[in-house]
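Asks: Right, I'll just put the structure down here and ask away after.
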Amino acid sequence: MLQVSECYVGGDLDRLVEGCRSLDIEQNNPFGGPDIYDWADSVRRTSGSGGWVTVASLYRRGTERKWMDDIAADLPEDFERVRLKAISPMPSVVVLLATFTLSNASSNALNDELNTNRYLRVENVGTGLLYHSAVHRKQAAIADERTRVREAASRWVARKFPGTITTDFKKQSLPAIEVITTKQAVPFTRHNVSDISIEEISRSLEDYRHLLSIDNEGDAYSSSYTPNWKVATHFRPHDDPWTIVCGHKLTDEELRSDGITFGGDYTDDHFIEQQFGGLMARWSVKCLIECYEGTIAQVRDDLARSPRTAATRWNVIKQIGQNALRTATIDSLEQASKLLSDTIFDATIVSREVGKWVSDDRRWTYELDEYKQVYDWGDGQVDELFFDKMLRASLEDSAEWFGETVPLLRSELELRTSIESTAANFRLQQIAMMLAILAIVISVVAIVLQG
């Protein structure tokens with residue numbers, strides 16, 4: 001399973017509605033509750049936040065429809081089905097959650113990369129065997145396959161329902177949660193190398209944590225509601241693409257209960273939505289805030305650079321007026337002003353709403369589990385780290401940073417623009433005086449020549 005999400009700020013919500021119309025999604029919601037059109041109109045009209053609304057369930061055109069309410073659509077070949085839901089966690093932001101069910105061919109391709117032994121070479125060493133494994137090649141093959149599938153889902157959502165992240169910030173990959181169900185390994189469980197013989201070290205390092213490139217950079221968290229599931233991520237600022245990986249090893253009982261086929265508990269899109277939808281909505285808002293932070297930081301860096309000196313204004317007479325009024329400094333200020341003005345309104349509103357959202361315990365914990373990691377330091381001291389609390393603290397810091405930085409940038413831009421405008425007016429007066437003096441000189445010369 002794969003979940004990707006897109007955010008819609010302000011007027012961008014119209015593109016979500018238009019995408020629903022282009023797919024012929026009915027106005028009468030067969031799933032019960034309001035349809036997406038009435039719901040979107042209510043969000044815009046009342047500026048209120050609310051719970052989830054089911055948008056539609058789509059299956060790939062040309063394949064067998066497994067559910068009566070599914071609508072045929074042109075899905076990428078990697079996916080056989082996608083469920084669409086939306087939520088408005090705060091008045092100005094709507095999050096679209098797309099839960100993709102991978103086709104058998106796509107899921108088997110990733111499974112083959114995870115479990116293949118074609119990168120393994122075995123040699124006889126005395127009375128035993130020595131395993132040599134090109135882990136980096138296997139790791140690269142897995143990364144390529146995961147990236148390809150994520151980008152296929154992102155492109156489909158961006159094409160059908162273009163939103164703020166893909167349209168305004170030109171991101172190729174949307175925020176994603178990858179759900180990996182395994183049978184042969186325990187996801188994200190690190191081996192204790194000291195307890196493994198030398199012959200087994202190279203092979204044992206090929207656990208899923210290492211192969212998914214999160215063995216040394218991320219930590220695994222579990223929830224009390226789903227203790228067998230592990231959530232792992234690179235929790236680093238400005239991580240792109242933004243991806244959370246969820247993994248689960250099926251027990252013997254789950255295998256017997258048909259948990260790995262379509263409709264099974266642990267690969268059913270309803271189950272994935274319920275367990276990870278709340279986390280995905282918050283993860284998406286974090287990614288949206290990072291996009292705004294990047295734009296604001298670019299303006300700040302542009303203002304911090306030393307202005308360039310205007311080049312040779314007096315070499316060509318016809319460029320005197322232009323260069324006097326249009327210097328590199330004025331151009332850079334105008335670019336910074338445009339960049340800030342395009343972002344400042346939405347960024348300010350969203351950051352303020354995020355600040356209120358994360359400070360409200362009831363709203364923040366709505367449909368969100370506590371994802372806890374217990375870290376044993378080996379000396380009797382045990383730390384409990386909570387992923388959801390780290391995510392909350394990150395958003396709190398971002399909202400505070402916006403509140404402090406944006407007013408400073410706005411006032412600095414206004415001050416510099418005023419100074420440059422005054423300087424340009426002074427240069428214009430200088431030119432006018434020079435032209436007047438030149439006219440007087442020409443008149444004098446003409447009188448002298450006539451005399």
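Simple scheme: letters A, B, ... for chains in structure tokens order, numbers from 1 for residues in each chain, numbers from 1 for ligands in the order shown.
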So that I can see what lies close to segment 241-245 of chain A, please list as a PyMOL selection string the residues with an atom at most 12 Å from it, counting only C-alpha atoms and leaving out residues fewer than 6 positions away in the same chain.
Replies: chain A and resi 1-5+146-147+150-151+154+165+171-181+187-188+208-209+212-214+218-222+229-235+276+279-280+282-288+290-291+387
Asks: Write out the residues from the selection above, keeping C-alpha atoms, as a PDB file, in the first residue's frame.
Replies:
ATOM      1  CA  MET A   1       0.000   0.000   0.000  1.00  0.00           C
ATOM      2  CA  LEU A   2       1.065   3.576  -0.596  1.00  0.00           C
ATOM      3  CA  GLN A   3      -0.443   6.828   0.646  1.00  0.00           C
ATOM      4  CA  VAL A   4       0.332  10.230  -0.828  1.00  0.00           C
ATOM      5  CA  SER A   5      -1.264  13.542   0.084  1.00  0.00           C
ATOM      6  CA  ARG A 146      10.332   2.780  -4.294  1.00  0.00           C
ATOM      7  CA  THR A 147      11.067   6.177  -5.846  1.00  0.00           C
ATOM      8  CA  ARG A 150       6.053   7.114  -5.266  1.00  0.00           C
ATOM      9  CA  GLU A 151       6.586   9.457  -8.191  1.00  0.00           C
ATOM     10  CA  SER A 154       2.507  11.791  -7.092  1.00  0.00           C
ATOM     11  CA  ILE A 165       2.660  21.681  -3.002  1.00  0.00           C
ATOM     12  CA  LYS A 171       7.602  19.411  -5.909  1.00  0.00           C
ATOM     13  CA  GLN A 172       8.032  16.156  -7.840  1.00  0.00           C
ATOM     14  CA  SER A 173       7.198  13.833  -4.940  1.00  0.00           C
ATOM     15  CA  LEU A 174       4.322  14.433  -2.556  1.00  0.00           C
ATOM     16  CA  PRO A 175       4.385  13.533   1.149  1.00  0.00           C
ATOM     17  CA  ALA A 176       4.066   9.766   1.352  1.00  0.00           C
ATOM     18  CA  ILE A 177       3.563   6.834   3.682  1.00  0.00           C
ATOM     19  CA  GLU A 178       4.769   3.488   2.392  1.00  0.00           C
ATOM     20  CA  VAL A 179       3.060   0.499   4.007  1.00  0.00           C
ATOM     21  CA  ILE A 180       5.145  -2.654   3.729  1.00  0.00           C
ATOM     22  CA  THR A 181       3.745  -5.991   4.907  1.00  0.00           C
ATOM     23  CA  PRO A 187      10.779  -4.715   9.763  1.00  0.00           C
ATOM     24  CA  PHE A 188      13.075  -2.150  11.309  1.00  0.00           C
ATOM     25  CA  TYR A 208      14.785  -4.182   6.064  1.00  0.00           C
ATOM     26  CA  ARG A 209      15.899  -1.260   8.181  1.00  0.00           C
ATOM     27  CA  LEU A 212      15.381   0.983   3.302  1.00  0.00           C
ATOM     28  CA  SER A 213      18.231   3.362   4.217  1.00  0.00           C
ATOM     29  CA  ILE A 214      16.916   4.140   7.690  1.00  0.00           C
ATOM     30  CA  GLY A 218      15.871   7.057  11.695  1.00  0.00           C
ATOM     31  CA  ASP A 219      14.192   5.342  14.583  1.00  0.00           C
ATOM     32  CA  ALA A 220      11.298   2.912  14.699  1.00  0.00           C
ATOM     33  CA  TYR A 221       8.167   3.784  16.650  1.00  0.00           C
ATOM     34  CA  SER A 222       5.155   1.661  17.557  1.00  0.00           C
ATOM     35  CA  TRP A 229       3.296  -2.153  13.251  1.00  0.00           C
ATOM     36  CA  LYS A 230       6.489  -0.142  13.149  1.00  0.00           C
ATOM     37  CA  VAL A 231       6.723   3.434  11.902  1.00  0.00           C
ATOM     38  CA  ALA A 232      10.119   4.658  10.748  1.00  0.00           C
ATOM     39  CA  THR A 233      11.222   7.908   9.179  1.00  0.00           C
ATOM     40  CA  HIS A 234      14.094  10.300   8.642  1.00  0.00           C
ATOM     41  CA  PHE A 235      12.891  12.969  11.049  1.00  0.00           C
ATOM     42  CA  PHE A 276      -2.424   6.157   9.416  1.00  0.00           C
ATOM     43  CA  LEU A 279      -0.635  10.808  10.980  1.00  0.00           C
ATOM     44  CA  MET A 280      -0.625  11.495   7.251  1.00  0.00           C
ATOM     45  CA  ARG A 282      -0.241  16.078  10.161  1.00  0.00           C
ATOM     46  CA  TRP A 283       2.771  14.967   8.134  1.00  0.00           C
ATOM     47  CA  SER A 284       1.347  16.761   5.083  1.00  0.00           C
ATOM     48  CA  VAL A 285       0.916  20.024   7.000  1.00  0.00           C
ATOM     49  CA  LYS A 286       4.521  19.726   8.196  1.00  0.00           C
ATOM     50  CA  CYS A 287       5.671  19.370   4.576  1.00  0.00           C
ATOM     51  CA  LEU A 288       3.549  22.353   3.518  1.00  0.00           C
ATOM     52  CA  GLU A 290       8.552  23.450   5.090  1.00  0.00           C
ATOM     53  CA  CYS A 291       7.702  24.708   1.594  1.00  0.00           C
ATOM     54  CA  PHE A 387       7.245  10.624  17.190  1.00  0.00           C
TER      55      PHE A 387
END
Asks: Taking only C-alpha atoms into account, which of A:Val350, A:Val445, A:Ala153, A:Met68 comes nearest Val82 of chain A?
Replies: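 Going through A:Val350, A:Val445, A:Ala153, A:Met68 one by one, the smallest distance to Val82 of chain A is for A:Ala153.
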Asks: Can you list, as a VMD selection string, every protein, DNA or RNA residue that comes within 10 Å of Gly51 of chain A when you count only C-alpha atoms, leaving out same-chain residues fewer than 4 positions away?
Replies: chain A and resid 86 to 89 366 to 367
Asks: Env of segment 27-33 of chain A: 12 Å cut, atoms = only C-alpha atoms, seq-sep filter 4 positions within chain, self excluded. Answer as a list of chain:residue names.
Replies: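 That gives A:Val17, A:Cys20, A:Arg21, A:Leu23, A:Tyr37, A:Asp38, A:Trp39, A:Ala40, A:Gly51, A:Trp52, A:Val53, A:Thr54, A:Val55, A:Ala56, A:Ser57, A:Met68, A:Asp69, A:Asp70, A:Ile71, A:Arg83, A:Leu84, A:Lys85.
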Asks: Near Gly403 of chain A, counting only C-alpha atoms, which residues have an atom at most 10 Å away, once you skip same-chain residues fewer than 4 positions from it, shown as a list in words?
Replies: Thr348, Ser351, Arg352, Gly355, Asp397, Ser398, Ala399, Pro407 and Leu408 of chain A
Asks: Between A:Arg81, A:Lys160, A:Arg155, A:Arg118, which residue has the minimum interatomic distance to Ala141 of chain A, considering only C-alpha atoms?
Replies: A:Arg118
